[in-house]
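Below is one structure, written out as structure tokens; the observations come after it.
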Amino acid sequence: MILDQIGRLDPAFDPDITEYTATAYRSLETVTVRPITTGDGVTVTVDGSAPDPEAHDRVAVDLELGENILDITVENGDRTSVYTVTITKVDTDFRGRELVTGLTATSPVGEAEGRPLTAMFDGDEKTSWHPAEPLTAGEPDEDGVTTFTVHLPEVRTVGRVAGHVLTPEGQWYPSEWESYLSIDVSEDGDTWERAAHHATLRQDQDILYWELGDYYAARHVRITLAGKDDRLHEEFGVQEIQVFALPVGAEPPPRHEPPADGGQEFAYVPTEESVNRAQELVLAHGLVIAQWATSDGYAAGSLDAREFEDFAEPTAQFYDPDFGNRDFMACSPTATWGIAKAPAGGNGIQDAGEPHEYIPEAMEAYRSRFIDAQYGDEGPYSSEEVEAFARWFEFSRETYPQAITHSNQNNDPTWAELENFRHYVRTARPDLVSFDHYYWGGGDVFGSHGPAAWDATNHLLGLAAWRTQRQVALEGLTGDGSEPILFGQYLDAFDHNGSQSQKALVTSLSLASGMKWLSLFRMEINRYDGNSYFDLDGAPTRAYWETCDILHRARKLGTYLAPLTNDWVAVQPGSHLEDGKTITNTVPRGYRTDSIEESLPTLSEYGISRIEVTNTGTVNDGLPGDVAIGFFTPLPGLTGAQAEEVFGAEDPRAFMVVNGLIGTAELPSTKKLVRYDEGQYWQTEQQVRLVLAPPQGAELMRVDQTTGEAEAVEITRTPVGENGTDHELEHSITARIGGGRSELYYWTAPALTVQAAEDPTVIEVGSRGTAAVTLTNTSGSRTKPITIDPTVPEGWALHGSWPQRIGALTPGESVTVDLELQNQGLSGDAVIDLGLRFHNVRSSAAIRVRGECAGTRIVPTPIAADSEETVAEDGAMGNVADEDPSTFWHTQWHSSSPGYPHWIVLDLGSEQDICSLVCLPRQDAAVGQVKDYAVYVSDDPESFPQEPAAAGTLASGQEEKAIGVQVRGRYLRFEGSSAWDGKPFMVVASLTVHVS
């Protein structure tokens with residue numbers, strides 16, 4: 001049951017509970033109720049009215065002051081259930097302030113004819129006050145400045161002013177930096193105190209909502225035009241002004257003095273005795289959950305003490321000069337804080353001058369709590385910008401050692417270029433890399449031009465900024481992964497109101513791919529571009545509580561993710577319907593990211609053999625959706641004692657399972673609009689079954705995201721074989737996960753590691769060879785007996801006596817097993833399942849082999865292609881033959897982007913006995929990797945047979961792929977019919993041919 005305008009019911013809705021209460025505030029006149037039923041033959045009414053299909057299956061109920069009792073009656077055959085919701089409507093806003101009545105106003109600039117000051121209080125938005133003199137901005141005591149004073153009947157404790165004004169229409173207008181107000185308050189009309197110096201005139205919420213930050217004893221409120229642009233004079237008037245104050249006799253919330261340990265001498269100083277500086281800061285501060293917060297004097301409204309707790313105690317990032325908010329800190333004195341757009345509010349850093357201190361004097365008392373120093377925001381890339389960042393970052397690390405030092409980028413293609421970003425990280429040496437992407441608006445991940453719900457996982461993990469920043473962060477300061485830095489992103493807080501599962505998916509995939517820093521953009525109460533978290537009374541909405549729950553869960557997970565580094569992300573693709581046909585979803589592929597099928601060696605290391613997914617929700621036509629799994633190992637340098645403190649084990653292995661099945665919100669879904677969607681957790685739930693190969697001596701633990709405690713998982717052991725009579729057992733766990741949500745598990749000891757001497761092991765066509773496989777027990781306890789019983793694909797033979805019993809391995813012990821293989825005439829790549837068993841438990845470990853001819857390697861000449869990009873970049877087809885792995889052939893994309901199939905014709909120079917075609921994908925990016933292919937051979941470059949000489953699916957990844965062809969001819973046509981990333985391009989670095 002959903003009450004659209006009510007943030008939450010008490011208690012939370014449960015079909016077995018029939019009595020609920022809720023509170024409504026002064027502006028809420030009607031609530032719409034959506035009772036959701038499942039099953040055939042079930043009917044429901046709200047106060048006797050059936051849900052209206054024309055109103056999205058809702059019933060509207062008018063509210064009056066006092067108690068409003070709603071009866072929701074559900075009939076299912078002979079059974080009737082009645083649910084009662086008692087909504088108490090109060091005549092205050094959420095913070096307990098009442099509307100002050102009996103207001104009057106005066107102004108030194110008078111009133112235009114027919115536009116009196118009294119219009120501001122007549123309750124009619126069609127009337128308005130206009131000054132008699134031309135609009136003039138300045139200080140209120142200057143002659144001719146547009147100003148007016150609102151007089152209260154008596155001194156009240158004022159905390160908020162609201163209203164409606166007339167301004168010229170236009171998106172993002174007026175700019176708060178050009179046209180804005182100041183607000184002063186006074187008890188006697190002689191002595192004034194400034195409550196706001198930059199109150200916005202923009203009213204995207206169709207109301208001006210000036211939250212003063214503190215409470216003021218006032219009888220007079222003076223509002224002055226402090227700044228204006230040239231357009232404002234076209235149409236300016238004040239339609240309505242409201243003043244809100246605490247009830248007479250009520251005391252404002254307590255304010256706290258600055259902490260005694262707020263000086264820099266009390267700040268945390270990294271020692272770098274184990275992990276590097278960046279990771280040590282997160283171990284000290286925890287997973288960083290931040291929020292762009294308003295500074296003093298902007299009347300934008302910051303979180304109060306209870307809201308601060310609701311949002312998991314976020315770090316406040318102040319982004320408006322003077323970069324601080326003493327009111328916020330006084331309400332929540334334990335809060336940490338930072339500055340976005342340091343040092344002076346600019347987007348770039350080159351013009352900031354030489355490094356210098358910039359913490360405002362008003363915030364010095366909280367300096368030890370300063371933990372986030374973001375320099376600039378979304379500035380353009382250049383070598384000069386990188387050098388400037390390097391200077392500022394070095395200064396920052398020395399001056400504010402406790403603060404995470406970083407900048408922020410958007411999805412700008414220059415920053416997303418791998419080598420550009422590597423240059424930035426290895427030159428400037430930030431602690432953190434982060435980006436923002438407007439997922440519901442301009443970013444179009446969930447917007448009107450974005451992909452379908454089934455493609456959300458692929459689209460998010462496939463974002464250029466996400467992929468590039470993750471790779472470079474994990475490569476770290478040295479490029480070899482030994483010093484990984486932090487990685488994170490901004491979460492949209494104002495752009496749109498996505499469904500429950502949409503909100504959760506962005507956060508869950510962020511954590512599963514290794515992020516340790518998340519910030520809400522922006523977190524203000526009904527400022528000019530306000531968000532969907534607060535209604536017109538400042539009361540928390542449903543979106544508010546959804547996000548709070550997500551952030552609290554992330555905070556609990558952060559305890560366990562902070563000591564770990566991301567190793568891999570694997571995706572089990574779901575499916576969807578297109579024109580009545582079931583189509584497999586696209587899998588994101590790239591740096592340490594691939595499908596479950598292509599990630600089996602990684603799964604084996606984490607004790608997972610396979611994954612089974614069942615859609616238990618109501619969306620996606622009953623078909624399973626994507627499931628992503630992030631894999632984690634201890635940070636380089638993390639001590640056994642540090643790991644033991646969190647995990648109870650010195651060398652844990654963790655994996656995070658994310659349900660990628662979501663339902664999207666119906667657009668538009670912005671700000672205060674009612675959200676319509678089928679994307680609640682229960683509607684997008686999936687059952688995920690993991691078949692396990694438990695590491696010997698290890699216990700599987702699950703993190704409870706509500707308590708933050710880890711608990712042992714009961715593993716189901718099922719006999720396999722016909723009628724379950726075999727002695728072999730299949731080990732598994734099953735979890736039901738709401739859409740976008742996750743589960744975090746970890747083994748208290750690592751699995752057996754499997755390493756082939758060569759990857760792939762190359763054996764000539766028709767010959768025998770040896771694949772050496774080394775097994776190592778990296779756990780702290782003795783394994784159970786191990787057996788190995790490999791199986792080989794068609795065209796290969798395995799010699800020797802199998803299965804072989806290896807026995808138990810002691811901690812640290814290794815054993816090498818030689819597989820004598822015979823290639824029976826096939827060229828190309830193949831996978832051999834090792835058939836490892838620990839006692840009665842199966843493992844999915846496998847190795848790759850490749851059949852190659854003993855003949856010559858030829859670099860053929862490309863003579864034709866369906867297209868090539870030669871305008872926007874050097875993507876000429878000739879690049880596949882230049883023997884330079886850094887160049888590539890790229891199909892056209894600048895002026896147009898023709899889709900698959902794509903093809904290229906190669907000339908061997910003469911007729912040859914072809915053995916294999918070897919394809920090297922582009923090396924600096926995973927774009928355009930061929931998935932499904934066909935190879936045609938002919939003696940005529942203009943005519944190829946209808947039947948291909950070889951066809952199939954290439955593995956993903958940027959390593960070489962060998963395709964067995966084995967036919968005689970001079971010309972090859974290599975044709976791709978799809979790409980792993982789902983994009984319309986085909987990109988190849990080199991193509992070579994082996995001949996007999």
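In the structure tokens, chains take the letters A, B, ... in the order shown, each chain's residues start at 1, and ligands count up from 1 in the order shown.
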Select from region 466-523 of chain A every residue with an atom at most 10 Å from any atom of region 301-314 of chain A, then for each give the shortest pair of atoms and their distance in Å to one decimal, using only C-alpha atoms, rows by chain and rising number, as a Markdown table.
| residue | atom | partner | partner_atom | distance |
| --- | --- | --- | --- | --- |
| A:Leu518 | CA | A:Pro314 | CA | 9.6 |
| A:Ser519 | CA | A:Pro314 | CA | 8.3 |
| A:Leu520 | CA | A:Pro314 | CA | 8.9 |
| A:Met523 | CA | A:Ser302 | CA | 7.4 |
Exercise for review: Do a neighbour search on Met656 (chain A) at 8 Å with only C-alpha atoms, toss out local chain neighbours closer than 4 positions, and write the hits as a list of chain:residue names.
Suggested key: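 Once the nearby chain positions are removed, what remains is A:Ala512, A:Ile629, A:Gly630, A:Phe631, A:Ser742, A:Glu743, A:Leu744, A:Tyr745.
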Just to be explicit: take each residue in the selection above, keep N, CA, C and O atoms, and write the result as a tab-separated table (two decimals), in the first residue's frame.
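New file out.tsv:
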chain	number	residue	atom	x	y	z
A	512	ALA	N	29.75	-2.59	-5.67
A	512	ALA	CA	30.21	-3.89	-6.20
A	512	ALA	C	31.38	-3.74	-7.15
A	512	ALA	O	32.15	-4.68	-7.34
A	629	ILE	N	28.08	-9.64	-9.94
A	629	ILE	CA	28.82	-10.04	-8.74
A	629	ILE	C	30.17	-9.33	-8.75
A	629	ILE	O	30.94	-9.43	-9.70
A	630	GLY	N	30.42	-8.57	-7.67
A	630	GLY	CA	31.73	-7.96	-7.49
A	630	GLY	C	32.57	-8.80	-6.56
A	630	GLY	O	32.09	-9.29	-5.53
A	631	PHE	N	33.83	-8.99	-6.90
A	631	PHE	CA	34.75	-9.85	-6.13
A	631	PHE	C	35.84	-8.98	-5.50
A	631	PHE	O	36.35	-8.05	-6.14
A	742	SER	N	21.50	-5.68	-2.89
A	742	SER	CA	22.68	-6.55	-2.93
A	742	SER	C	22.78	-7.39	-1.67
A	742	SER	O	22.11	-7.12	-0.67
A	743	GLU	N	23.63	-8.39	-1.73
A	743	GLU	CA	24.04	-9.18	-0.56
A	743	GLU	C	25.56	-9.31	-0.61
A	743	GLU	O	26.13	-9.57	-1.68
A	744	LEU	N	26.21	-9.11	0.54
A	744	LEU	CA	27.66	-9.23	0.64
A	744	LEU	C	28.01	-10.47	1.46
A	744	LEU	O	27.54	-10.62	2.59
A	745	TYR	N	28.85	-11.31	0.87
A	745	TYR	CA	29.32	-12.53	1.53
A	745	TYR	C	30.85	-12.52	1.55
A	745	TYR	O	31.48	-11.86	0.72
Practice item. For Glu240 (chain A), list every protein, DNA or RNA residue within 10 Å, evaluated using only C-alpha atoms, and leave out those in the same chain fewer than 4 positions away; present the list as a PyMOL selection string. Key: chain A and resi 117-129+162-166+207-208
Would you save the residues from that selection as a PDB file, in the first residue's frame, using C-alpha atoms?
ATOM      1  CA  LEU A 117       1.770  45.987  -0.643  1.00  0.00           C
ATOM      2  CA  THR A 118      -1.354  44.384   0.810  1.00  0.00           C
ATOM      3  CA  ALA A 119      -1.439  42.047  -2.235  1.00  0.00           C
ATOM      4  CA  MET A 120       1.378  40.077  -0.601  1.00  0.00           C
ATOM      5  CA  PHE A 121      -0.969  38.875   2.129  1.00  0.00           C
ATOM      6  CA  ASP A 122      -4.366  38.529   0.396  1.00  0.00           C
ATOM      7  CA  GLY A 123      -3.905  34.845  -0.506  1.00  0.00           C
ATOM      8  CA  ASP A 124      -4.476  35.570  -4.200  1.00  0.00           C
ATOM      9  CA  GLU A 125      -1.494  34.792  -6.436  1.00  0.00           C
ATOM     10  CA  LYS A 126      -3.109  36.804  -9.254  1.00  0.00           C
ATOM     11  CA  THR A 127      -2.407  39.996  -7.353  1.00  0.00           C
ATOM     12  CA  SER A 128       1.074  41.307  -6.596  1.00  0.00           C
ATOM     13  CA  TRP A 129       3.061  44.217  -5.230  1.00  0.00           C
ATOM     14  CA  ALA A 162       8.256  31.633   1.874  1.00  0.00           C
ATOM     15  CA  GLY A 163       6.444  33.185  -1.010  1.00  0.00           C
ATOM     16  CA  HIS A 164       5.723  33.582  -4.697  1.00  0.00           C
ATOM     17  CA  VAL A 165       7.258  36.159  -7.016  1.00  0.00           C
ATOM     18  CA  LEU A 166       6.853  37.183 -10.630  1.00  0.00           C
ATOM     19  CA  ILE A 207       7.438  28.484  -4.423  1.00  0.00           C
ATOM     20  CA  LEU A 208      10.262  30.373  -2.777  1.00  0.00           C
TER      21      LEU A 208
END
Practice item. Between CA of Val33 (chain A) and CA of Arg95 (chain A), measure the distance and give it in Å to one decimal. Key: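 Here the two named atoms are 24.8 Å from each other.
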Find the nearest atom pair between each residue of region 622-672 of chain A and region 261-278 of chain A for residues within 8 Å, count only C-alpha atoms, give distances in Å to one decimal, sort rows by chain and ascending number, and present the table as JSON lines.
{"residue": "A:Leu635", "atom": "CA", "partner": "A:Val275", "partner_atom": "CA", "distance": 6.9}
{"residue": "A:Pro636", "atom": "CA", "partner": "A:Val275", "partner_atom": "CA", "distance": 6.4}
{"residue": "A:Gly637", "atom": "CA", "partner": "A:Val275", "partner_atom": "CA", "distance": 4.8}
{"residue": "A:Leu638", "atom": "CA", "partner": "A:Ser274", "partner_atom": "CA", "distance": 5.6}
{"residue": "A:Thr639", "atom": "CA", "partner": "A:Ser274", "partner_atom": "CA", "distance": 6.5}
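When only C-alpha atoms are used to measure the gap to Thr748 (chain A), the shortest distance among A:Gln686, A:Thr633, A:Ser897, A:Thr80 belongs to A:Thr633.
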Practice item. For Thr84 (chain A), please output as a ChimeraX atom specification all residues within 9 Å (counting only C-alpha atoms; exclusion window: fewer than 5 positions along the same chain). Key: /A:18-21,69-73
Check your understanding: With only C-alpha atoms as the atoms that count, which of A:Thr88, A:Thr718, A:Ser49, A:Thr334 lies nearest to Tyr25 (chain A)?
Key -> A:Thr88
**Study point:** helix (DSSP H, G or I) call set, DSSP backbone run, region 875-916 of chain A, as a list of chain:residue names
**Key:**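 The helix (DSSP H, G or I) subset of region 875-916 of chain A is A:Met877, A:Gly878, A:Asn879, A:Val880, A:Ala881.
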With N, CA and C atoms retained, export the selected residues as an mmCIF file, in the first residue's frame.
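Generated file (again-v2.cif):
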data_model
loop_
_atom_site.group_PDB
_atom_site.id
_atom_site.type_symbol
_atom_site.label_atom_id
_atom_site.label_comp_id
_atom_site.auth_asym_id
_atom_site.auth_seq_id
_atom_site.Cartn_x
_atom_site.Cartn_y
_atom_site.Cartn_z
ATOM 1 N N MET A 877 41.333 0.856 -42.302
ATOM 2 C CA MET A 877 41.417 -0.606 -42.308
ATOM 3 C C MET A 877 42.862 -1.089 -42.402
ATOM 4 N N GLY A 878 43.758 -0.271 -43.004
ATOM 5 C CA GLY A 878 45.156 -0.678 -43.119
ATOM 6 C C GLY A 878 45.857 -0.865 -41.803
ATOM 7 N N ASN A 879 45.293 -0.330 -40.715
ATOM 8 C CA ASN A 879 45.926 -0.453 -39.407
ATOM 9 C C ASN A 879 45.969 -1.888 -38.895
ATOM 10 N N VAL A 880 45.106 -2.766 -39.426
ATOM 11 C CA VAL A 880 45.141 -4.155 -38.954
ATOM 12 C C VAL A 880 46.384 -4.868 -39.446
ATOM 13 N N ALA A 881 47.102 -4.269 -40.383
ATOM 14 C CA ALA A 881 48.273 -4.932 -40.974
ATOM 15 C C ALA A 881 49.568 -4.210 -40.664
#
Point to revise | Atomic distance CA of Thr753 (chain A) - CA of Ala846 (chain A), expressed in Å with one decimal | key: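 About the pair CA of Thr753 (chain A) and CA of Ala846 (chain A): they are 11.3 Å apart.
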**Study point:** Per-residue DSSP, region 588-706 of chain A, filtered to strand (DSSP E or B), as an MDAnalysis selection string
**Key:** chainID A and resid 590 593:595 608:615 627:634 653:659 665 677 686:692 700:703
**Study point:** Nearest-residue call for Ser295 (chain A), choices A:Arg326, A:Arg736, A:His459, A:Arg555, using only C-alpha atoms
**Key:**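 For Ser295 (chain A), the nearest of the candidates is A:Arg326.
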**Study point:** Test item: residues at most 9 Å from region 419-421 of chain A, only C-alpha atoms, excluding those fewer than 3 positions along its chain, as a PyMOL selection string
**Key:** chain A and resi 381-383+414-416+424-426+468-469+472+924
Exercise for review: Work out how far CA of Val619 (chain A) is from CA of Gln5 (chain A), in Å to one decimal.
Suggested key: 24.5 Å
Just want the 12 Å neighbourhood of Thr778 (chain A), counted on only C-alpha atoms, with same-chain residues fewer than 5 positions away dropped. Output as a tab-separated table (two decimals) with all heavy atoms, in the first residue's frame.
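Output file result05.tsv follows:
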chain	number	residue	atom	x	y	z
A	605	GLU	N	38.03	-19.14	-7.81
A	605	GLU	CA	38.88	-18.65	-6.73
A	605	GLU	C	38.04	-18.20	-5.53
A	605	GLU	O	38.52	-18.17	-4.41
A	605	GLU	CB	39.75	-17.50	-7.22
A	605	GLU	CG	40.83	-17.92	-8.21
A	605	GLU	CD	41.70	-16.75	-8.61
A	605	GLU	OE1	41.72	-15.75	-7.87
A	605	GLU	OE2	42.36	-16.84	-9.66
A	650	GLU	N	42.51	-13.62	8.51
A	650	GLU	CA	43.60	-12.80	8.01
A	650	GLU	C	43.54	-12.60	6.50
A	650	GLU	O	44.11	-11.63	5.99
A	650	GLU	CB	44.94	-13.44	8.39
A	650	GLU	CG	45.21	-13.44	9.89
A	650	GLU	CD	46.60	-13.93	10.22
A	650	GLU	OE1	47.33	-14.33	9.26
A	650	GLU	OE2	46.98	-13.92	11.39
A	651	ASP	N	42.89	-13.48	5.78
A	651	ASP	CA	42.92	-13.40	4.32
A	651	ASP	C	41.54	-13.73	3.74
A	651	ASP	O	41.36	-14.74	3.06
A	651	ASP	CB	43.98	-14.37	3.77
A	651	ASP	CG	44.33	-14.06	2.33
A	651	ASP	OD1	43.97	-12.98	1.84
A	651	ASP	OD2	44.96	-14.91	1.67
A	652	PRO	N	40.55	-12.87	3.98
A	652	PRO	CA	39.19	-13.16	3.50
A	652	PRO	C	39.07	-12.97	1.99
A	652	PRO	O	39.87	-12.27	1.36
A	652	PRO	CB	38.34	-12.14	4.25
A	652	PRO	CG	39.28	-10.97	4.42
A	652	PRO	CD	40.63	-11.56	4.65
A	653	ARG	N	38.05	-13.60	1.42
A	653	ARG	CA	37.66	-13.38	0.02
A	653	ARG	C	36.16	-13.06	0.03
A	653	ARG	O	35.37	-13.83	0.56
A	653	ARG	CB	37.93	-14.61	-0.84
A	653	ARG	CG	39.41	-14.95	-1.02
A	653	ARG	CD	40.11	-13.86	-1.85
A	653	ARG	NE	41.48	-14.23	-2.15
A	653	ARG	CZ	42.53	-13.96	-1.38
A	653	ARG	NH1	42.31	-13.34	-0.23
A	653	ARG	NH2	43.74	-14.30	-1.73
A	695	PRO	N	35.89	-23.29	0.00
A	695	PRO	CA	37.30	-23.46	0.34
A	695	PRO	C	37.41	-24.29	1.62
A	695	PRO	O	36.61	-24.13	2.54
A	695	PRO	CB	37.80	-22.04	0.56
A	695	PRO	CG	36.79	-21.16	-0.12
A	695	PRO	CD	35.49	-21.88	-0.03
A	696	GLN	N	38.40	-25.13	1.64
A	696	GLN	CA	38.56	-25.99	2.81
A	696	GLN	C	38.93	-25.18	4.04
A	696	GLN	O	39.76	-24.28	3.98
A	696	GLN	CB	39.65	-27.03	2.53
A	696	GLN	CG	39.32	-27.91	1.33
A	696	GLN	CD	37.95	-28.54	1.44
A	696	GLN	OE1	37.65	-29.19	2.42
A	696	GLN	NE2	37.11	-28.33	0.44
A	697	GLY	N	38.25	-25.45	5.11
A	697	GLY	CA	38.53	-24.77	6.36
A	697	GLY	C	37.93	-23.39	6.47
A	697	GLY	O	38.15	-22.69	7.45
A	698	ALA	N	37.17	-22.99	5.45
A	698	ALA	CA	36.60	-21.64	5.46
A	698	ALA	C	35.13	-21.68	5.81
A	698	ALA	O	34.43	-22.66	5.55
A	698	ALA	CB	36.78	-20.99	4.09
A	748	THR	N	36.00	-16.90	5.15
A	748	THR	CA	37.02	-16.59	6.14
A	748	THR	C	38.39	-17.12	5.75
A	748	THR	O	39.36	-16.91	6.45
A	748	THR	CB	36.64	-17.18	7.51
A	748	THR	OG1	36.41	-18.60	7.37
A	748	THR	CG2	35.39	-16.50	8.05
A	749	ALA	N	38.49	-17.81	4.62
A	749	ALA	CA	39.78	-18.25	4.07
A	749	ALA	C	39.62	-18.31	2.56
A	749	ALA	O	38.53	-18.54	2.05
A	749	ALA	CB	40.20	-19.61	4.62
A	750	PRO	N	40.69	-18.12	1.79
A	750	PRO	CA	40.58	-18.12	0.33
A	750	PRO	C	40.46	-19.52	-0.22
A	750	PRO	O	40.80	-20.51	0.42
A	750	PRO	CB	41.88	-17.47	-0.13
A	750	PRO	CG	42.86	-17.84	0.95
A	750	PRO	CD	42.07	-17.83	2.23
A	751	ALA	N	39.99	-19.61	-1.44
A	751	ALA	CA	39.90	-20.90	-2.13
A	751	ALA	C	41.26	-21.30	-2.67
A	751	ALA	O	42.21	-20.54	-2.67
A	751	ALA	CB	38.89	-20.81	-3.26
A	752	LEU	N	41.34	-22.55	-3.14
A	752	LEU	CA	42.54	-23.04	-3.80
A	752	LEU	C	42.76	-22.24	-5.08
A	752	LEU	O	41.83	-22.01	-5.84
A	752	LEU	CB	42.33	-24.52	-4.15
A	752	LEU	CG	43.55	-25.30	-4.65
A	752	LEU	CD1	44.46	-25.64	-3.48
A	752	LEU	CD2	43.07	-26.58	-5.32
A	753	THR	N	43.98	-21.75	-5.31
A	753	THR	CA	44.26	-21.02	-6.53
A	753	THR	C	44.76	-21.97	-7.61
A	753	THR	O	45.47	-22.93	-7.33
A	753	THR	CB	45.30	-19.91	-6.31
A	753	THR	OG1	46.53	-20.50	-5.86
A	753	THR	CG2	44.81	-18.92	-5.28
A	754	VAL	N	44.37	-21.68	-8.84
A	754	VAL	CA	44.72	-22.52	-9.99
A	754	VAL	C	45.44	-21.65	-11.01
A	754	VAL	O	44.91	-20.61	-11.42
A	754	VAL	CB	43.46	-23.14	-10.63
A	754	VAL	CG1	43.83	-23.99	-11.84
A	754	VAL	CG2	42.69	-23.96	-9.61
A	783	THR	N	43.77	-28.64	3.35
A	783	THR	CA	42.59	-28.92	2.53
A	783	THR	C	42.14	-30.36	2.73
A	783	THR	O	42.89	-31.20	3.25
A	783	THR	CB	42.89	-28.72	1.03
A	783	THR	OG1	43.75	-29.77	0.57
A	783	THR	CG2	43.52	-27.38	0.76
A	809	LEU	N	46.46	-30.72	0.68
A	809	LEU	CA	47.57	-29.78	0.63
A	809	LEU	C	47.62	-29.00	1.95
A	809	LEU	O	46.60	-28.53	2.44
A	809	LEU	CB	47.40	-28.79	-0.53
A	809	LEU	CG	47.40	-29.36	-1.94
A	809	LEU	CD1	47.23	-28.24	-2.96
A	809	LEU	CD2	48.67	-30.14	-2.21
A	810	THR	N	48.80	-28.88	2.49
A	810	THR	CA	48.99	-28.09	3.70
A	810	THR	C	49.03	-26.61	3.34
A	810	THR	O	49.19	-26.25	2.17
A	810	THR	CB	50.30	-28.48	4.40
A	810	THR	OG1	51.38	-28.27	3.49
A	810	THR	CG2	50.27	-29.94	4.83
A	811	PRO	N	48.85	-25.71	4.32
A	811	PRO	CA	48.87	-24.28	4.01
A	811	PRO	C	50.14	-23.87	3.27
A	811	PRO	O	51.26	-24.19	3.70
A	811	PRO	CB	48.79	-23.62	5.39
A	811	PRO	CG	48.07	-24.62	6.23
A	811	PRO	CD	48.54	-25.96	5.75
A	812	GLY	N	49.97	-23.18	2.14
A	812	GLY	CA	51.10	-22.72	1.34
A	812	GLY	C	51.66	-23.75	0.38
A	812	GLY	O	52.50	-23.43	-0.46
A	813	GLU	N	51.20	-25.00	0.47
A	813	GLU	CA	51.75	-26.05	-0.38
A	813	GLU	C	51.19	-25.95	-1.81
A	813	GLU	O	50.03	-25.62	-2.01
A	813	GLU	CB	51.42	-27.42	0.20
A	813	GLU	CG	52.01	-28.58	-0.59
A	813	GLU	CD	51.65	-29.93	-0.02
A	813	GLU	OE1	50.92	-29.96	1.01
A	813	GLU	OE2	52.08	-30.96	-0.59
A	814	SER	N	52.05	-26.26	-2.79
A	814	SER	CA	51.65	-26.26	-4.19
A	814	SER	C	51.95	-27.61	-4.81
A	814	SER	O	52.85	-28.34	-4.37
A	814	SER	CB	52.40	-25.17	-4.98
A	814	SER	OG	52.09	-23.89	-4.52
